[in-house]
Each structure stands twice: as structure tokens, then as C-alpha cells.
Amino acid sequence: MKSFPIIHAFASAFFLALFASSTLASPESRKPNILILLADDLGYADLGVQGSKDIPTPHIDSLAQHGVRCTDGYVSSPMCSPSRAGLMTGRSQSRFGHEINWEPEWPADPHDTRGLPLTEKTVADHLKAAGYHTGVVGKWHLGEAPPYHPNRRGFDEFFGFIGGGHNYFCGAYRNTPPQNYYNSPLERNGVSQPITPGYLTTVLGKEAASFIHRNKEKPWVLYTAFNAPHTPLQATPELLERVKHISDEPRRTYAAMIVGMDDAVGTILKQLREDGLEEHTLIFFLSDNGGTTEEDTSSNNPLRGRKGQMWEGGLRVPFLTQWKGVLPAGKTYARPVSSLDILPTALAAARSPGIGGTSFDGVDLLPYLTGRQSGDPHEMLFWRMTERDIHAVRDGTHKLVKQGQKPNLFNLTTDVRESKDLDGKLPEVQQGLQTAYDAWAATLPKARWTVFKSPEAEAAAAEAARKRAERNKSKK
């Protein structure tokens, strides 16, 4: 029986032997590229392949047509930044106290310690060590202070914005006050870029395509993090025209933003084909968490709940993966998988053990998605958000979730809507899940911050202020 949540890093020889014994060699001997496409607050039901009837998404849908759609794909948190921290590291963010978003400051406090802890290794760190060129395009949201910048977290190239959100009309950005995270210019590798007209989602798609073309002769990993369809609800007239059949105005704008993201994914996939790289690229598409429903009109049907909650609507997301010639085409996979699996799967595809000493909560999905291995990739999946006093644990069939005053138990195989509480009706199942969760939670540190400033950052800022005062005093 597999051990979850900790899976120790494999020795290099074991990884190579495992891969050599499989049928998962890429179409040529070169290591496959890794492309991660991340949507922001996308509703579970808001893609054509997920059942949407009003939002056309042919390019994103093609990933399922030529690859695998995981119906029970989860993220490690129902909230933006902690979810990204889990994806970036292959480890539950609760293991290093990165459990909740924070209120950002503008300008950024250089002493702020809120961000992906510097002790953690990213997907870029691991794949850079394996000879990959590394890039990130779009939203970072893993720390605003200089030590947390993507170029200092293993990424050779960065184009986008550091904070948790941004306006979509680039011509309205400012390099003079009044500025904030939403209207500041985009940056490239720490350098503010000239302000030019454009629609942000389109700009990010073109930038990702440029990265692919410029690096076509070497293996690369590209993390493309769209902020679509995260608020503010903003779309061009051309995009709105393509969803004019939607009468509800906010829903129409939300849908137009997704159409824009689908266009950007199309731009990226077209570049892969033109450069002859599509068969040599392992692609993942998912959202960072569920839709926010009433705020942006997103739909998580048939799931209960929304972003920020431990119900399925907060945690279960569209989850697609494609690797032509390796993964089957048009397959639906219905066992629970996690965003934590992306990094271990990428390392297996790259035939690399990653950086020694790293332990992962994710697993290599390739044997499961190809059908070489049966059973569940995970014995259990765990979630925790201390500040909101919510948590959840799922095995292959049942889920125990504490979203309110007491835990609720559901059979997700027969009740994906989480509408029939089995609390007290299956005592052995419930106790088993609770015991497993308690044992996991007992291994975790305290959260590193609340939504407000961390004690460490406050102490550092106070010390800096004291030193400035001393310097000023000595000048008098």
C-alpha cells in the first residue's frame, strides 16, 4: 500500500531503471518539454469538455481530446497563493506553513517574509538541475519581496506580474502614482516594461509562444499562469461579441474572458506544432482553485461550494493532461489525482530524480494514466487551512470535510454534490478518516502568517526603522 502523504525522493539509479523498464520513452531520445497552463478561479463546469454549453473552448478541449481528462482532479488548497505553492513544490503547502493568502502592501515591503519559503525547491529548481531551461509567464503570487522573485526561485525567465491580480487592459497601466498591483506595468526579469496597448491574456499567450520558439532547441519547462478569469471582469468588444448569446451581462463578460484564455492556449499550441514540439511536450491544464460563483458568475456544477471552501467546488478543478504518443487520447480518468502530482510526474518524464533530499506529497501519474498500474494514485488526500478552521480528507470513495461547526461525511462516488451527510452513519469509515487526518495534521507546523502581516515581517520592519532612526540621529 502506497504511503501518503510523504513519498521520499528516489535515487537517480532507481528513477532511470524505472523509466527504462516502462513503455514511456518519449518519441525521441530528448527529454520532453513540460508545459503547465494554469487558469485562475475557473469554474469546474466552464469549459466545453467539462459540460459548458455557453462558453466555446475548442483549444483547451483539444487537450482532453488528444490526452486525458481527470474528472477527480484536485488542487492542494481552495485559495490562490497556497494552491500555487503546492503546485510549485509537489508538497502540501501546509508542510511549510503557506496556508492562506495575505493582504499585499504597495509598494512591497522588502522585509516581508510572506511567500513561498526560501527553504522550498520549485519545479524550476528541480528541472533546472536536470538540464532544463525554465520560464514563468503571468501571475506569480508567491511573494512580493525581492528574495521571493521568480528569477531567484529557479526560473531563468519571468514575464508578468508579481502580485495576486491585475487589470486586463495594458494601455491603462501606470508607471507613476497613483499605482497599485492592479495597474502597474508588467515586468520582465525584474525590469518594468514599456506600457503598450493590449489585452493581458492575449499578451501572456504571445509571450508564452515566444518563450517556446526561442528555446525550441533545448528542453524547457514553462509555467504559464493566466489570471483569467479572475476578477476584475474585463473583456474586449471582440471577445464579448463572440459570446453575445449570453444575456446576463456579468456572465457574458466572464465567458468572454475564458474565450480569450482559450485563444491564448490556441496560440501556445500552434507554436508547439509549428516548432515540431507537440509530441515532445507533456502538457497540464488546470485551475488554481474552484470558481468564486456569485462574484464572477462562474459555475462549479455539479459540485457544492466555491473558492475558499473545502467543499468539492473549492478543491476539484478541470484537470487535463496531454503527451501525444505516450498518454492515450480521449481517455477519462476517474480516480483522485492532485496538482501535487505535476512535479513528480514531470521528473519521471524527464528521467530525473530532482534535487536530492526532497520529499514529495505527489506521485508520478504516468503509470496510472497509461493504464500500466491500477488502483488509486493516492491512499488519501489531505487539506487544511488553519485560520479558517477548515479541513478535509478524502480516500478513494469517501470524504470527511469540516467546513462549518462539525465534520460531515460524504460518499463522493454516489453523491458528488455533497448533499447527503453520512455523519454518524458509517462510524468506522468516519473514524478512519478522522484518525488519518489527525495523524497528518500532527506533523505540520503552524501557519507562517495570517491574512495580515507575519510577526517575523513586523519585527524585521521595526528593526529596519530603528536603524534608520539611528542613522538619521547620527547625521545631526
# chains A, B, ... in the order shown; residues from 1 in each chain; ligands from 1

call {"tool": "residues_around", "arguments": {"residues": "stretch 123-139 of chain A", "least_positions_apart": "4", "cutoff": "7 Å", "atoms": "only C-alpha atoms", "output": "compact mmCIF listing (two decimals) with C-alpha atoms, in the first residue's frame"}}
result
# COMPACT_ATOMS: atom_id res chain seq x y z
CA MET A 88 5.33 24.63 -7.45
CA THR A 89 6.84 22.24 -4.89
CA ARG A 153 13.39 30.71 -7.32
CA GLY A 154 14.92 28.76 -10.20
CA PHE A 155 13.30 30.47 -13.19
CA ASP A 156 15.64 31.71 -15.91
CA GLU A 157 12.94 33.90 -17.43
CA PHE A 158 9.97 35.76 -15.98
CA PHE A 159 7.40 37.92 -17.72
CA GLY A 160 4.26 39.04 -15.92
CA PHE A 161 3.30 40.46 -12.56
CA ILE A 162 4.26 39.55 -9.01
CA GLY A 163 1.01 40.14 -7.13
CA GLY A 164 -2.25 38.24 -6.95
CA LEU A 204 0.58 36.38 -21.97
CA ALA A 208 4.49 32.03 -23.80
CA PRO A 219 14.36 21.04 -23.16
CA TRP A 220 12.34 23.57 -21.23
CA VAL A 221 9.71 23.90 -18.54
CA LEU A 222 7.22 26.73 -18.93
CA TYR A 223 4.73 27.66 -16.23
CA THR A 224 2.07 29.86 -17.84
CA ALA A 225 -0.19 31.28 -15.15
CA PHE A 226 -3.11 33.22 -16.61
CA ASN A 227 -5.04 35.50 -14.28
CA LEU A 343 6.14 17.93 -10.32
CA SER A 352 15.42 12.79 -13.30
CA GLY A 354 15.22 16.01 -8.90
CA ILE A 355 17.23 17.66 -6.17

call {"tool": "residues_around", "arguments": {"residues": "A:Ala349", "least_positions_apart": "3", "cutoff": "8 Å", "atoms": "only C-alpha atoms", "output": "ChimeraX atom specification"}}
result
/A:24,31-32,345-346,352

call {"tool": "atom_distance", "arguments": {"atom1": "atom CA of A:Thr176", "atom2": "atom CA of A:Pro110"}}
result
19.7 Å

call {"tool": "atom_distance", "arguments": {"atom1": "atom CA of A:Met257", "atom2": "atom CA of A:Pro229"}}
result
5.6 Å

call {"tool": "closest_residue", "arguments": {"among": "A:Ala264, A:Ala469, A:Ala329, A:Val243", "to": "A:Tyr199", "atoms": "only C-alpha atoms"}}
result
A:Ala264

call {"tool": "residues_around", "arguments": {"residues": "A:His141", "least_positions_apart": "3", "cutoff": "12 Å", "atoms": "only C-alpha atoms", "output": "VMD selection string"}}
result
chain A and resid 40 79 to 85 88 98 100 to 104 114 to 116 136 138 144 to 145 148 to 150 160 to 166 181 225 to 227 288

call {"tool": "atom_distance", "arguments": {"atom1": "atom CA of A:Lys206", "atom2": "atom CA of A:Thr267"}}
result
6.7 Å

call {"tool": "residues_around", "arguments": {"residues": "stretch 381-387 of chain A", "least_positions_apart": "5", "cutoff": "10 Å", "atoms": "only C-alpha atoms", "output": "ChimeraX atom specification"}}
result
/A:4-5,74-79,82,92-94,97-100,308-310,315,336-338,361-362,392-396,399-402,433,436-437,440-441,444,446-447,449-451

call {"tool": "select_by_dssp", "arguments": {"residues": "stretch 320-424 of chain A", "states": "helix (DSSP H, G or I)", "output": "number ranges by chain"}}
result
A: 339-349, 366-369, 386-388

call {"tool": "select_by_dssp", "arguments": {"residues": "stretch 85-166 of chain A", "states": "strand (DSSP E)", "output": "count of residues only"}}
result
12

call {"tool": "decode", "arguments": {"residues": "stretch 395-432 of chain A", "atoms": "N, CA and C atoms", "output": "JSON list (two decimals), in the first residue's frame"}}
result
[["chain", "number", "residue", "atom", "x", "y", "z"],
["A", 395, "ASP", "N", -10.46, 9.61, 0.81],
["A", 395, "ASP", "CA", -9.89, 8.37, 0.28],
["A", 395, "ASP", "C", -10.51, 8.15, -1.09],
["A", 396, "GLY", "N", -10.45, 6.94, -1.62],
["A", 396, "GLY", "CA", -10.97, 6.71, -2.96],
["A", 396, "GLY", "C", -12.45, 6.94, -3.11],
["A", 397, "THR", "N", -13.20, 6.78, -2.02],
["A", 397, "THR", "CA", -14.66, 6.85, -2.08],
["A", 397, "THR", "C", -15.25, 7.95, -1.22],
["A", 398, "HIS", "N", -14.77, 8.07, 0.01],
["A", 398, "HIS", "CA", -15.39, 8.96, 0.99],
["A", 398, "HIS", "C", -14.55, 10.21, 1.25],
["A", 399, "LYS", "N", -15.27, 11.25, 1.68],
["A", 399, "LYS", "CA", -14.61, 12.49, 2.04],
["A", 399, "LYS", "C", -15.17, 13.00, 3.36],
["A", 400, "LEU", "N", -14.28, 13.32, 4.27],
["A", 400, "LEU", "CA", -14.64, 13.95, 5.54],
["A", 400, "LEU", "C", -14.25, 15.42, 5.43],
["A", 401, "VAL", "N", -15.21, 16.32, 5.63],
["A", 401, "VAL", "CA", -14.93, 17.73, 5.46],
["A", 401, "VAL", "C", -15.48, 18.51, 6.64],
["A", 402, "LYS", "N", -14.63, 19.38, 7.19],
["A", 402, "LYS", "CA", -15.07, 20.31, 8.23],
["A", 402, "LYS", "C", -15.06, 21.71, 7.63],
["A", 403, "GLN", "N", -16.22, 22.16, 7.24],
["A", 403, "GLN", "CA", -16.38, 23.49, 6.67],
["A", 403, "GLN", "C", -17.16, 24.38, 7.62],
["A", 404, "GLY", "N", -17.90, 23.78, 8.53],
["A", 404, "GLY", "CA", -18.69, 24.53, 9.49],
["A", 404, "GLY", "C", -18.31, 24.15, 10.92],
["A", 405, "GLN", "N", -19.32, 23.95, 11.75],
["A", 405, "GLN", "CA", -19.08, 23.66, 13.15],
["A", 405, "GLN", "C", -18.59, 22.25, 13.41],
["A", 406, "LYS", "N", -18.99, 21.30, 12.55],
["A", 406, "LYS", "CA", -18.60, 19.91, 12.77],
["A", 406, "LYS", "C", -18.29, 19.24, 11.44],
["A", 407, "PRO", "N", -17.56, 18.12, 11.48],
["A", 407, "PRO", "CA", -17.25, 17.42, 10.23],
["A", 407, "PRO", "C", -18.49, 16.78, 9.62],
["A", 408, "ASN", "N", -18.48, 16.69, 8.30],
["A", 408, "ASN", "CA", -19.51, 16.00, 7.54],
["A", 408, "ASN", "C", -18.84, 14.90, 6.72],
["A", 409, "LEU", "N", -19.55, 13.82, 6.50],
["A", 409, "LEU", "CA", -19.03, 12.69, 5.74],
["A", 409, "LEU", "C", -19.88, 12.47, 4.50],
["A", 410, "PHE", "N", -19.21, 12.25, 3.35],
["A", 410, "PHE", "CA", -19.93, 12.04, 2.10],
["A", 410, "PHE", "C", -19.31, 10.89, 1.32],
["A", 411, "ASN", "N", -20.16, 10.21, 0.57],
["A", 411, "ASN", "CA", -19.71, 9.22, -0.39],
["A", 411, "ASN", "C", -19.67, 9.91, -1.75],
["A", 412, "LEU", "N", -18.49, 10.26, -2.22],
["A", 412, "LEU", "CA", -18.39, 11.04, -3.45],
["A", 412, "LEU", "C", -18.69, 10.21, -4.69],
["A", 413, "THR", "N", -18.63, 8.90, -4.57],
["A", 413, "THR", "CA", -18.95, 8.05, -5.71],
["A", 413, "THR", "C", -20.43, 8.15, -6.07],
["A", 414, "THR", "N", -21.27, 8.27, -5.05],
["A", 414, "THR", "CA", -22.71, 8.33, -5.28],
["A", 414, "THR", "C", -23.31, 9.71, -5.02],
["A", 415, "ASP", "N", -22.51, 10.61, -4.45],
["A", 415, "ASP", "CA", -23.04, 11.92, -4.03],
["A", 415, "ASP", "C", -21.99, 13.00, -4.25],
["A", 416, "VAL", "N", -21.68, 13.27, -5.51],
["A", 416, "VAL", "CA", -20.65, 14.25, -5.82],
["A", 416, "VAL", "C", -21.07, 15.65, -5.38],
["A", 417, "ARG", "N", -22.37, 15.88, -5.20],
["A", 417, "ARG", "CA", -22.86, 17.19, -4.76],
["A", 417, "ARG", "C", -22.69, 17.41, -3.26],
["A", 418, "GLU", "N", -22.25, 16.40, -2.54],
["A", 418, "GLU", "CA", -22.10, 16.50, -1.08],
["A", 418, "GLU", "C", -23.40, 16.99, -0.44],
["A", 419, "SER", "N", -24.47, 16.34, -0.81],
["A", 419, "SER", "CA", -25.78, 16.74, -0.31],
["A", 419, "SER", "C", -26.35, 15.79, 0.74],
["A", 420, "LYS", "N", -25.75, 14.61, 0.90],
["A", 420, "LYS", "CA", -26.27, 13.60, 1.83],
["A", 420, "LYS", "C", -25.22, 13.31, 2.89],
["A", 421, "ASP", "N", -25.36, 14.00, 4.01],
["A", 421, "ASP", "CA", -24.39, 13.87, 5.09],
["A", 421, "ASP", "C", -24.52, 12.50, 5.76],
["A", 422, "LEU", "N", -23.42, 11.76, 5.80],
["A", 422, "LEU", "CA", -23.38, 10.44, 6.42],
["A", 422, "LEU", "C", -22.78, 10.48, 7.82],
["A", 423, "ASP", "N", -22.67, 11.66, 8.39],
["A", 423, "ASP", "CA", -22.12, 11.80, 9.73],
["A", 423, "ASP", "C", -22.85, 10.88, 10.71],
["A", 424, "GLY", "N", -22.10, 10.02, 11.37],
["A", 424, "GLY", "CA", -22.66, 9.09, 12.35],
["A", 424, "GLY", "C", -23.24, 7.82, 11.77],
["A", 425, "LYS", "N", -23.35, 7.73, 10.44],
["A", 425, "LYS", "CA", -23.97, 6.56, 9.82],
["A", 425, "LYS", "C", -22.94, 5.50, 9.41],
["A", 426, "LEU", "N", -21.70, 5.91, 9.24],
["A", 426, "LEU", "CA", -20.62, 4.97, 8.90],
["A", 426, "LEU", "C", -19.47, 5.23, 9.87],
["A", 427, "PRO", "N", -19.64, 4.84, 11.13],
["A", 427, "PRO", "CA", -18.67, 5.23, 12.17],
["A", 427, "PRO", "C", -17.25, 4.75, 11.90],
["A", 428, "GLU", "N", -17.09, 3.55, 11.35],
["A", 428, "GLU", "CA", -15.74, 3.05, 11.11],
["A", 428, "GLU", "C", -15.04, 3.85, 10.01],
["A", 429, "VAL", "N", -15.77, 4.15, 8.95],
["A", 429, "VAL", "CA", -15.20, 4.96, 7.87],
["A", 429, "VAL", "C", -14.86, 6.35, 8.38],
["A", 430, "GLN", "N", -15.80, 6.95, 9.11],
["A", 430, "GLN", "CA", -15.59, 8.30, 9.59],
["A", 430, "GLN", "C", -14.41, 8.37, 10.56],
["A", 431, "GLN", "N", -14.34, 7.40, 11.46],
["A", 431, "GLN", "CA", -13.24, 7.41, 12.42],
["A", 431, "GLN", "C", -11.91, 7.17, 11.74],
["A", 432, "GLY", "N", -11.91, 6.31, 10.72],
["A", 432, "GLY", "CA", -10.67, 6.06, 9.99],
["A", 432, "GLY", "C", -10.14, 7.31, 9.30]]
